[in-house]
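Structure file model.cif (mmCIF, C-alpha atoms) is printed below.
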data_data
loop_
_atom_site.label_atom_id
_atom_site.label_comp_id
_atom_site.auth_asym_id
_atom_site.auth_seq_id
_atom_site.Cartn_x
_atom_site.Cartn_y
_atom_site.Cartn_z
CA MET A 1 -29.62 35.17 -66.53
CA GLU A 2 -26.92 33.23 -64.71
CA CYS A 3 -23.54 32.80 -66.38
CA TRP A 4 -21.24 30.09 -65.03
CA THR A 5 -17.72 29.38 -66.22
CA TRP A 6 -16.53 25.82 -66.79
CA ARG A 7 -13.12 24.54 -65.68
CA VAL A 8 -11.23 21.30 -65.17
CA SER A 9 -10.69 20.24 -61.55
CA GLU A 10 -7.16 21.38 -60.76
CA PRO A 11 -6.52 21.55 -56.99
CA THR A 12 -3.48 23.81 -56.88
CA GLY A 13 -5.01 26.60 -58.96
CA ILE A 14 -8.66 26.48 -57.99
CA MET A 15 -8.64 29.04 -55.19
CA GLU A 16 -7.17 31.80 -57.36
CA PHE A 17 -9.52 30.81 -60.20
CA ALA A 18 -12.53 31.04 -57.89
CA ARG A 19 -11.45 34.42 -56.49
CA ARG A 20 -11.07 35.82 -59.99
CA ALA A 21 -14.36 34.36 -61.20
CA GLU A 22 -16.26 35.99 -58.34
CA ALA A 23 -14.46 39.31 -58.79
CA GLN A 24 -15.21 39.34 -62.52
CA GLY A 25 -18.93 38.84 -62.03
CA TRP A 26 -19.44 35.18 -62.83
CA ASP A 27 -22.39 33.59 -61.04
CA GLY A 28 -20.62 30.29 -60.52
CA ILE A 29 -18.02 27.75 -61.57
CA GLY A 30 -18.59 24.21 -62.77
CA LEU A 31 -15.85 21.59 -62.43
CA GLY A 32 -15.60 18.32 -64.30
CA ASP A 33 -15.48 14.90 -62.63
CA SER A 34 -13.22 12.59 -64.62
CA GLN A 35 -10.85 10.69 -62.35
CA SER A 36 -8.29 9.78 -65.01
CA LEU A 37 -8.04 13.28 -66.48
CA THR A 38 -8.56 15.75 -63.61
CA GLY A 39 -8.45 16.11 -59.84
CA ASP A 40 -11.37 15.52 -57.50
CA PRO A 41 -14.09 18.18 -58.03
CA TYR A 42 -15.42 18.10 -54.47
CA ILE A 43 -12.00 18.85 -53.02
CA CYS A 44 -11.63 21.70 -55.50
CA LEU A 45 -15.11 23.06 -54.80
CA ALA A 46 -14.46 22.94 -51.06
CA LEU A 47 -11.27 24.93 -51.56
CA ALA A 48 -13.15 27.41 -53.74
CA ALA A 49 -15.81 27.80 -51.06
CA THR A 50 -13.24 28.96 -48.53
CA VAL A 51 -12.12 31.96 -50.62
CA THR A 52 -15.47 33.17 -52.02
CA ASP A 53 -18.71 34.55 -50.64
CA THR A 54 -21.34 34.44 -53.40
CA LEU A 55 -19.90 32.26 -56.18
CA GLY A 56 -22.02 29.22 -57.09
CA LEU A 57 -20.22 25.86 -57.00
CA ALA A 58 -21.13 22.84 -59.11
CA THR A 59 -19.95 19.53 -60.44
CA SER A 60 -20.14 19.93 -64.18
CA VAL A 61 -20.63 17.09 -64.43
CA THR A 62 -20.39 13.99 -62.27
CA ASN A 63 -21.86 10.60 -63.21
CA PRO A 64 -23.88 7.77 -61.61
CA VAL A 65 -21.28 5.02 -61.87
CA THR A 66 -17.99 6.06 -60.27
CA ARG A 67 -19.65 7.31 -57.06
CA HIS A 68 -22.44 5.68 -55.08
CA ALA A 69 -25.47 7.97 -54.72
CA SER A 70 -24.90 8.23 -50.97
CA VAL A 71 -21.27 9.26 -51.58
CA THR A 72 -22.31 11.92 -54.10
CA ALA A 73 -24.90 13.24 -51.64
CA THR A 74 -22.56 13.41 -48.67
CA SER A 75 -19.78 15.05 -50.71
CA ALA A 76 -22.24 17.64 -52.00
CA PHE A 77 -23.57 18.29 -48.49
CA ALA A 78 -20.01 18.87 -47.27
CA VAL A 79 -19.50 21.60 -49.87
CA GLN A 80 -23.02 22.90 -49.22
CA ARG A 81 -22.31 23.41 -45.53
CA LEU A 82 -18.86 24.87 -46.12
CA SER A 83 -20.16 27.30 -48.76
CA ARG A 84 -23.32 28.19 -46.82
CA GLY A 85 -25.70 26.92 -49.45
CA ARG A 86 -23.97 27.48 -52.79
CA MET A 87 -23.54 23.88 -54.00
CA VAL A 88 -25.19 22.35 -57.08
CA ILE A 89 -24.88 18.76 -58.31
CA GLY A 90 -24.49 18.70 -62.07
CA ILE A 91 -24.74 15.14 -63.35
CA GLY A 92 -24.94 13.25 -66.62
CA ARG A 93 -24.73 9.63 -67.71
CA GLY A 94 -20.93 9.75 -67.82
CA ASP A 95 -18.43 10.08 -70.64
CA SER A 96 -14.65 10.33 -70.22
CA ALA A 97 -14.77 9.09 -66.60
CA LEU A 98 -16.37 5.85 -67.78
CA ALA A 99 -14.44 5.57 -71.04
CA HIS A 100 -11.21 5.45 -69.05
CA LEU A 101 -12.67 2.48 -67.17
CA GLY A 102 -13.58 0.77 -70.41
CA ARG A 103 -17.27 1.63 -70.16
CA ALA A 104 -19.88 3.52 -72.16
CA PRO A 105 -22.35 5.94 -70.52
CA ALA A 106 -24.65 4.56 -67.84
CA ARG A 107 -27.76 2.69 -68.89
CA LEU A 108 -30.89 4.84 -68.92
CA SER A 109 -32.79 2.85 -66.30
CA TRP A 110 -29.75 2.83 -64.01
CA PHE A 111 -29.38 6.58 -64.42
CA GLU A 112 -32.99 7.35 -63.56
CA ASN A 113 -32.94 5.03 -60.56
CA TYR A 114 -29.73 6.68 -59.37
CA LEU A 115 -31.33 10.12 -59.61
CA GLU A 116 -34.34 8.95 -57.62
CA GLN A 117 -32.05 7.63 -54.88
CA LEU A 118 -29.87 10.76 -54.96
CA GLN A 119 -32.92 12.98 -54.52
CA ALA A 120 -34.02 10.79 -51.59
CA TYR A 121 -30.66 11.19 -49.87
CA LEU A 122 -30.63 14.94 -50.49
CA GLU A 123 -34.16 15.37 -49.16
CA GLY A 124 -33.31 13.61 -45.90
CA GLY A 125 -35.08 10.40 -46.87
CA GLU A 126 -34.07 6.77 -46.84
CA VAL A 127 -33.15 4.21 -49.47
CA PRO A 128 -34.01 0.56 -48.72
CA LEU A 129 -30.87 -1.48 -48.17
CA GLU A 130 -31.92 -3.97 -50.82
CA ASP A 131 -32.05 -1.11 -53.35
CA ALA A 132 -28.74 0.50 -52.35
CA GLY A 133 -26.97 -1.10 -55.30
CA VAL A 134 -23.98 -2.80 -53.67
CA PRO A 135 -23.43 -6.15 -55.46
CA ASP A 136 -23.03 -9.30 -53.38
CA ASP A 137 -19.77 -10.15 -55.13
CA ALA A 138 -18.35 -6.88 -53.79
CA ALA A 139 -19.62 -7.16 -50.21
CA PRO A 140 -22.05 -9.63 -48.60
CA PRO A 141 -25.14 -8.45 -46.66
CA VAL A 142 -24.49 -6.93 -43.25
CA ASP A 143 -26.50 -9.80 -41.67
CA ARG A 144 -23.37 -11.88 -42.11
CA LEU A 145 -21.86 -9.96 -39.15
CA ARG A 146 -24.67 -10.98 -36.74
CA LEU A 147 -24.68 -7.53 -35.13
CA ALA A 148 -26.91 -6.80 -32.17
CA LYS A 149 -28.47 -4.09 -34.33
CA ALA A 150 -27.74 -2.85 -37.84
CA PRO A 151 -29.04 0.03 -39.99
CA GLU A 152 -32.44 -0.75 -41.43
CA ALA A 153 -32.13 1.67 -44.35
CA SER A 154 -29.52 3.86 -46.02
CA SER A 155 -29.59 7.61 -45.33
CA ILE A 156 -27.31 10.62 -44.76
CA ARG A 157 -27.52 11.05 -41.01
CA TRP A 158 -25.05 13.81 -40.28
CA VAL A 159 -26.90 16.66 -42.03
CA GLY A 160 -29.98 18.65 -41.17
CA ASN A 161 -28.85 20.25 -37.94
CA GLU A 162 -27.43 23.45 -39.38
CA THR A 163 -28.96 26.32 -41.33
CA ASP A 164 -26.81 25.66 -44.38
CA ASP A 165 -27.86 22.01 -44.70
CA ARG A 166 -30.61 22.92 -47.17
CA LYS A 167 -31.22 20.52 -50.05
CA VAL A 168 -28.60 20.58 -52.80
CA PRO A 169 -30.27 21.02 -56.21
CA ILE A 170 -29.63 18.56 -59.04
CA GLU A 171 -29.05 19.64 -62.63
CA VAL A 172 -29.06 16.92 -65.29
CA ALA A 173 -26.95 17.49 -68.40
CA ALA A 174 -29.07 16.17 -71.25
CA THR A 175 -28.77 15.87 -75.02
CA GLY A 176 -30.90 13.02 -76.39
CA PRO A 177 -34.70 12.85 -76.01
CA ARG A 178 -34.70 10.00 -73.48
CA VAL A 179 -32.19 11.67 -71.16
CA ILE A 180 -34.04 14.97 -71.54
CA GLY A 181 -37.15 13.07 -70.44
CA ILE A 182 -35.35 11.67 -67.39
CA ALA A 183 -34.16 15.17 -66.52
CA ALA A 184 -37.68 16.52 -66.83
CA ARG A 185 -38.94 13.89 -64.40
CA GLN A 186 -36.11 13.86 -61.86
CA ALA A 187 -34.02 17.06 -61.94
CA ASP A 188 -34.34 20.46 -60.35
CA ARG A 189 -33.04 21.94 -63.60
CA VAL A 190 -32.65 20.55 -67.12
CA MET A 191 -29.22 21.55 -68.48
CA LEU A 192 -29.41 21.13 -72.25
CA ALA A 193 -26.19 20.21 -74.04
CA VAL A 194 -27.44 20.60 -77.60
CA GLY A 195 -25.51 23.67 -78.77
CA ALA A 196 -26.54 27.30 -79.23
CA ASP A 197 -28.87 26.88 -82.22
CA PRO A 198 -32.32 28.20 -81.16
CA ARG A 199 -34.02 25.38 -83.09
CA ARG A 200 -32.20 22.78 -81.04
CA ILE A 201 -32.76 24.58 -77.75
CA THR A 202 -36.47 24.90 -78.52
CA TRP A 203 -36.65 21.21 -79.41
CA GLY A 204 -34.95 20.27 -76.14
CA MET A 205 -37.30 22.40 -74.08
CA GLU A 206 -40.39 21.08 -75.85
CA THR A 207 -39.15 17.50 -75.38
CA ALA A 208 -38.68 18.13 -71.65
CA ARG A 209 -42.07 19.76 -71.22
CA ASP A 210 -43.79 16.90 -73.01
CA ALA A 211 -42.02 14.35 -70.78
CA ALA A 212 -42.93 16.30 -67.65
CA ARG A 213 -46.56 16.51 -68.75
CA ARG A 214 -46.75 12.74 -69.33
CA ALA A 215 -45.19 12.14 -65.89
CA GLY A 216 -47.74 14.37 -64.16
CA ARG A 217 -45.26 17.17 -63.48
CA ASP A 218 -46.25 20.72 -64.34
CA PRO A 219 -44.15 21.57 -67.42
CA GLU A 220 -44.36 25.27 -66.63
CA LEU A 221 -42.38 24.67 -63.45
CA LEU A 222 -39.37 23.26 -65.29
CA SER A 223 -36.16 25.27 -65.08
CA PHE A 224 -33.77 25.25 -68.05
CA GLY A 225 -30.09 25.86 -68.52
CA ALA A 226 -27.74 25.27 -71.44
CA TYR A 227 -24.10 24.50 -71.99
CA VAL A 228 -22.92 26.83 -74.75
CA ASN A 229 -19.55 26.99 -76.46
CA VAL A 230 -18.51 30.65 -76.77
CA VAL A 231 -15.41 32.41 -78.14
CA CYS A 232 -15.51 36.20 -78.06
CA THR A 233 -13.32 37.72 -80.78
CA GLU A 234 -13.56 39.83 -83.91
CA ASP A 235 -11.31 37.34 -85.71
CA ALA A 236 -13.76 34.60 -86.65
CA THR A 237 -11.09 32.34 -88.12
CA ALA A 238 -8.98 32.40 -84.97
CA GLY A 239 -12.10 32.12 -82.83
CA ARG A 240 -13.26 28.97 -84.56
CA GLU A 241 -9.84 27.38 -84.03
CA LEU A 242 -9.92 28.28 -80.35
CA GLY A 243 -13.40 26.84 -79.96
CA ARG A 244 -13.02 23.58 -81.88
CA PRO A 245 -11.65 21.38 -79.05
CA SER A 246 -14.38 22.19 -76.52
CA THR A 247 -17.08 22.36 -79.20
CA GLY A 248 -16.14 18.90 -80.41
CA LEU A 249 -16.37 17.62 -76.84
CA PHE A 250 -19.96 18.83 -76.44
CA ALA A 251 -21.20 18.33 -80.01
CA ARG A 252 -20.24 14.66 -79.86
CA PHE A 253 -22.98 14.08 -77.28
CA SER A 254 -25.54 14.63 -80.05
CA ALA A 255 -24.17 11.64 -81.96
CA MET A 256 -22.87 9.48 -79.11
CA TYR A 257 -23.85 6.23 -80.82
CA GLY A 258 -23.79 7.47 -84.40
CA GLU A 259 -27.44 8.55 -84.65
CA VAL A 260 -28.00 12.32 -84.49
CA ALA A 261 -30.28 13.71 -81.78
CA GLY A 262 -32.29 16.88 -82.32
CA PRO A 263 -33.16 18.91 -85.41
CA THR A 264 -30.39 19.38 -87.97
CA ASP A 265 -30.00 20.04 -91.66
CA GLU A 266 -28.10 17.53 -93.75
CA GLY A 267 -24.82 19.43 -93.54
CA GLN A 268 -24.94 19.57 -89.74
CA ALA A 269 -25.96 15.92 -89.52
CA GLU A 270 -22.97 14.91 -91.59
CA VAL A 271 -20.63 16.84 -89.26
CA PHE A 272 -22.18 15.16 -86.22
CA ARG A 273 -21.69 11.73 -87.78
CA GLU A 274 -18.14 12.50 -88.88
CA LEU A 275 -17.32 13.81 -85.40
CA HIS A 276 -18.54 10.52 -83.94
CA ASN A 277 -16.45 8.51 -86.39
CA ARG A 278 -13.25 10.49 -85.71
CA TYR A 279 -13.50 10.95 -81.95
CA ASP A 280 -10.32 10.09 -80.04
CA MET A 281 -11.03 9.90 -76.29
CA ASN A 282 -7.29 10.07 -75.64
CA LEU A 283 -7.44 13.69 -76.84
CA HIS A 284 -10.76 14.52 -75.19
CA GLY A 285 -11.33 18.28 -75.36
CA GLN A 286 -7.73 18.93 -76.41
CA GLU A 287 -6.20 20.80 -79.29
CA GLY A 288 -4.91 18.62 -82.08
CA GLY A 289 -7.45 15.85 -81.70
CA GLN A 290 -8.46 14.38 -85.04
CA GLN A 291 -12.10 14.98 -84.09
CA THR A 292 -11.64 18.75 -84.37
CA THR A 293 -11.07 18.43 -88.12
CA ALA A 294 -14.67 17.29 -88.54
CA LEU A 295 -16.04 20.67 -87.44
CA THR A 296 -16.64 22.89 -90.46
CA ASP A 297 -16.79 26.67 -90.23
CA ASP A 298 -20.53 26.63 -90.91
CA PHE A 299 -21.07 24.10 -88.14
CA MET A 300 -19.01 26.14 -85.68
CA ASP A 301 -21.01 29.27 -86.50
CA GLY A 302 -24.29 27.51 -85.77
CA TYR A 303 -23.60 25.09 -82.95
CA ALA A 304 -21.23 27.45 -81.10
CA ILE A 305 -21.12 31.23 -80.66
CA VAL A 306 -18.06 32.87 -82.20
CA GLY A 307 -17.91 36.63 -82.69
CA ALA A 308 -17.61 40.12 -81.29
CA PRO A 309 -19.03 41.02 -77.86
CA GLY A 310 -22.31 42.41 -79.14
CA TYR A 311 -22.90 39.35 -81.31
CA CYS A 312 -22.18 36.97 -78.41
CA ALA A 313 -24.51 38.90 -76.11
CA ASP A 314 -27.27 38.93 -78.73
CA ARG A 315 -27.04 35.18 -79.30
CA LEU A 316 -27.19 34.45 -75.57
CA THR A 317 -30.06 36.89 -75.06
CA GLU A 318 -31.99 35.15 -77.84
CA LEU A 319 -31.68 31.87 -75.95
CA GLU A 320 -32.65 33.54 -72.69
CA GLU A 321 -35.83 34.78 -74.34
CA LEU A 322 -36.66 31.17 -75.20
CA GLY A 323 -36.57 30.32 -71.49
CA VAL A 324 -32.93 29.50 -70.68
CA SER A 325 -32.12 30.96 -67.26
CA LYS A 326 -28.61 29.59 -66.76
CA PHE A 327 -25.66 29.30 -69.14
CA GLY A 328 -22.62 27.11 -68.69
CA ILE A 329 -20.13 29.03 -70.81
CA VAL A 330 -17.57 26.67 -72.31
CA GLY A 331 -14.52 27.97 -74.13
CA PRO A 332 -11.35 29.96 -73.41
CA ASP A 333 -11.25 31.03 -69.76
CA PHE A 334 -9.15 33.58 -67.92
CA ALA A 335 -6.83 30.92 -66.47
CA THR A 336 -5.64 29.67 -69.86
CA ASN A 337 -1.96 29.46 -70.74
CA SER A 338 -2.57 30.68 -74.28
CA ALA A 339 -2.15 34.39 -74.95
CA VAL A 340 -4.71 34.32 -77.76
CA ALA A 341 -7.22 32.44 -75.65
CA GLU A 342 -6.61 34.79 -72.73
CA VAL A 343 -7.59 37.75 -74.88
CA ALA A 344 -10.79 36.03 -75.96
CA ALA A 345 -11.62 35.15 -72.35
CA ALA A 346 -11.03 38.74 -71.27
CA ARG A 347 -13.33 40.01 -74.02
CA PHE A 348 -16.14 37.87 -72.63
CA THR A 349 -15.71 38.88 -69.00
CA ASP A 350 -14.98 42.55 -69.72
CA ASP A 351 -17.35 43.18 -72.62
CA VAL A 352 -20.03 40.46 -72.84
CA LEU A 353 -20.97 39.98 -69.19
CA PRO A 354 -21.75 43.70 -68.71
CA LEU A 355 -24.05 43.60 -71.77
CA LEU A 356 -25.92 40.65 -70.29
CA ARG A 357 -26.37 42.43 -66.94
CA ARG A 358 -28.03 45.54 -68.39
#

Using the file provided, produce a representation of the structure as structure tokens.
Amino acid sequence: MECWTWRVSEPTGIMEFARRAEAQGWDGIGLGDSQSLTGDPYICLALAATVTDTLGLATSVTNPVTRHASVTATSAFAVQRLSRGRMVIGIGRGDSALAHLGRAPARLSWFENYLEQLQAYLEGGEVPLEDAGVPDDAAPPVDRLRLAKAPEASSIRWVGNETDDRKVPIEVAATGPRVIGIAARQADRVMLAVGADPRRITWGMETARDAARRAGRDPELLSFGAYVNVVCTEDATAGRELGRPSTGLFARFSAMYGEVAGPTDEGQAEVFRELHNRYDMNLHGQEGGQQTTALTDDFMDGYAIVGAPGYCADRLTELEELGVSKFGIVGPDFATNSAVAEVAAARFTDDVLPLLRR
């Protein structure tokens, strides 16, 4: 079981955060990519690489719209070489990064095509220039320059000469059945963002395996991870309050357009719909957002994991036994400015992680 901690991209604090994460036994850190809300994740991951030896480094997550596939690949390769092979590209369709540009998540066909091109770049292949995706109204074809010779295809040419230039794996964050299917066809790992309810995790895995089977990919070779909201505390009431902002951020993905994805009972479905109706992107993942009031105690106890160390470890172990090999733990972290949250974060690192390593 791999346990990764999730953090916003904050350049001035990332090196100390990375040092502490590695010292405390985390397998890796994932940094968000949302240009209007946080710093650049690749700069932060590069800084983290310089002060750690074993810590995994990931975008968690980037998107297919704000960065060309070749730019994502070359940025990832830079961190890969600097970290000696510890980089992972976590990617989804986009959320806050696109909302702050006035856009909804990327179209499904665009997303899958982007992943195909990204894999080609990462594997040392080429993308035809006519498929590179640069619109004519942004820049005309290079033929306009009448060069003696021009590139005949798009590729990442500066990598492949060093030991640490191995392929960077891609993890696709997926919630709905169609994106889960894309992940099953194109990703190195399917990272489910459906909550911690075993029913929903099982549904996501079965959906992915079915999509892989129909695409001619061996479903038994799929690798699964899950983003899970966790607050470790004996005070359930305080724990739910701590977990509501980040839980609302992730739970909203299951009702992005108002329709609920995955198995739910009627009470849960109503919370998902109400969360969609109340969501304020200006308070994305923050305390005090009106969306947090949609999350009932029962919903928090099912979708998230809130409880004492043994309870948290048992819930995560149950998901591991279903086939989840990597967890993106979302919730209070050890770099928080809140004393209450700091205690909860310490309980996870000091008491839960050791239970998971037994």

Selected residue, from A:Arg273, A:Arg81, A:Lys326, A:Arg252, that lies nearest to A:Asn161 when counting all atoms listed in the file: A:Arg81

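The residues caught by the PyMOL selection byres ((chain A and resi 201) around 10) in this file are Thr175, Leu192, Ala193, Val194, Gly195, Ala196, Asp197, Pro198, Arg199, Arg200, Thr202, Trp203, Gly204, Met205, Glu206, Thr207, Phe224, Gly225, Ala226, Gly262, Pro263, Leu319, Leu322, Gly323 and Val324 of chain A.
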
7 Å contact set for A:Ala294, all atoms listed in the file, chain neighbours under 4 positions out, as a count of residues only: 3

Within 10 Å of stretch 26-39 of chain A using all atoms listed in the file, minus same-chain residues under 5 positions, as a PyMOL selection string: chain A and resi 1-12+14+17-18+20-21+44-45+48+54-63+66+86-91+94-101+282+284+326-330+349+353

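Atom CA of A:Glu270 is positioned 10.2 Å from atom CA of A:Ala255.
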
Evaluate the PyMOL selection byres ((chain A and resi 108-116) around 7) and report residues as a short mmCIF file (atom, residue, chain, number, x, y, z; two decimals) with C-alpha atoms, keeping the file's coordinate frame:
data_model
loop_
_atom_site.label_atom_id
_atom_site.label_comp_id
_atom_site.auth_asym_id
_atom_site.auth_seq_id
_atom_site.Cartn_x
_atom_site.Cartn_y
_atom_site.Cartn_z
CA PRO A 64 -23.88 7.77 -61.61
CA ALA A 69 -25.47 7.97 -54.72
CA ARG A 93 -24.73 9.63 -67.71
CA ALA A 106 -24.65 4.56 -67.84
CA ARG A 107 -27.76 2.69 -68.89
CA GLN A 117 -32.05 7.63 -54.88
CA LEU A 118 -29.87 10.76 -54.96
CA GLN A 119 -32.92 12.98 -54.52
CA ALA A 120 -34.02 10.79 -51.59
CA ILE A 182 -35.35 11.67 -67.39
CA GLN A 186 -36.11 13.86 -61.86
#

Among listed residues A:Ala208, A:Ala344, A:Val172, A:Met15, nearest A:Glu220 (using only C-alpha atoms): A:Ala208

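In this model, the gap between atom CA of A:Val134 and atom CA of A:His68 comes to 8.7 Å.
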
Point-to-point distance from atom CA of A:Arg84 to atom CA of A:Ala173, Å rounded to tenths: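 Here the two named atoms are 24.4 Å from each other.
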
Selection result of the PyMOL selection byres ((chain A and resi 155) around 8) on this file, as a list in words: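 This file, filtered by the PyMOL selection byres ((chain A and resi 155) around 8), leaves Ser70, Tyr121, Gly124, Gly125, Glu126, Val127, Ala153, Ser154, Ile156 and Arg157 of chain A.
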
Exercise: A:Gly285 partners within 12 Å, all atoms listed in the file, chain neighbours under 2 positions left out, as a ChimeraX atom specification: /A:7-8,32,37,95-96,242-252,279-283,287-292,330-332

Spatial neighbours of A:Ala187, 8 Å, all atoms listed in the file, chain gap at least 2 places, as a list in words: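 That gives Leu115, Pro169, Ile170, Glu171, Val172, Ile182, Ala183, Ala184, Arg185, Arg189 and Val190 of chain A.
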
Point (-18.0, 26.3, -91.8) neighbourhood (12 Å, all atoms listed in the file) written as a ChimeraX atom specification: /A:236-237,240-241,244,267-268,271,293-304,306

Option closest in space to A:Lys167, from A:Asp218, A:Asp188, A:Asp143, A:Glu266 [counting only C-alpha atoms]: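 Between A:Asp218, A:Asp188, A:Asp143, A:Glu266, the residue approaching A:Lys167 most closely is A:Asp188.
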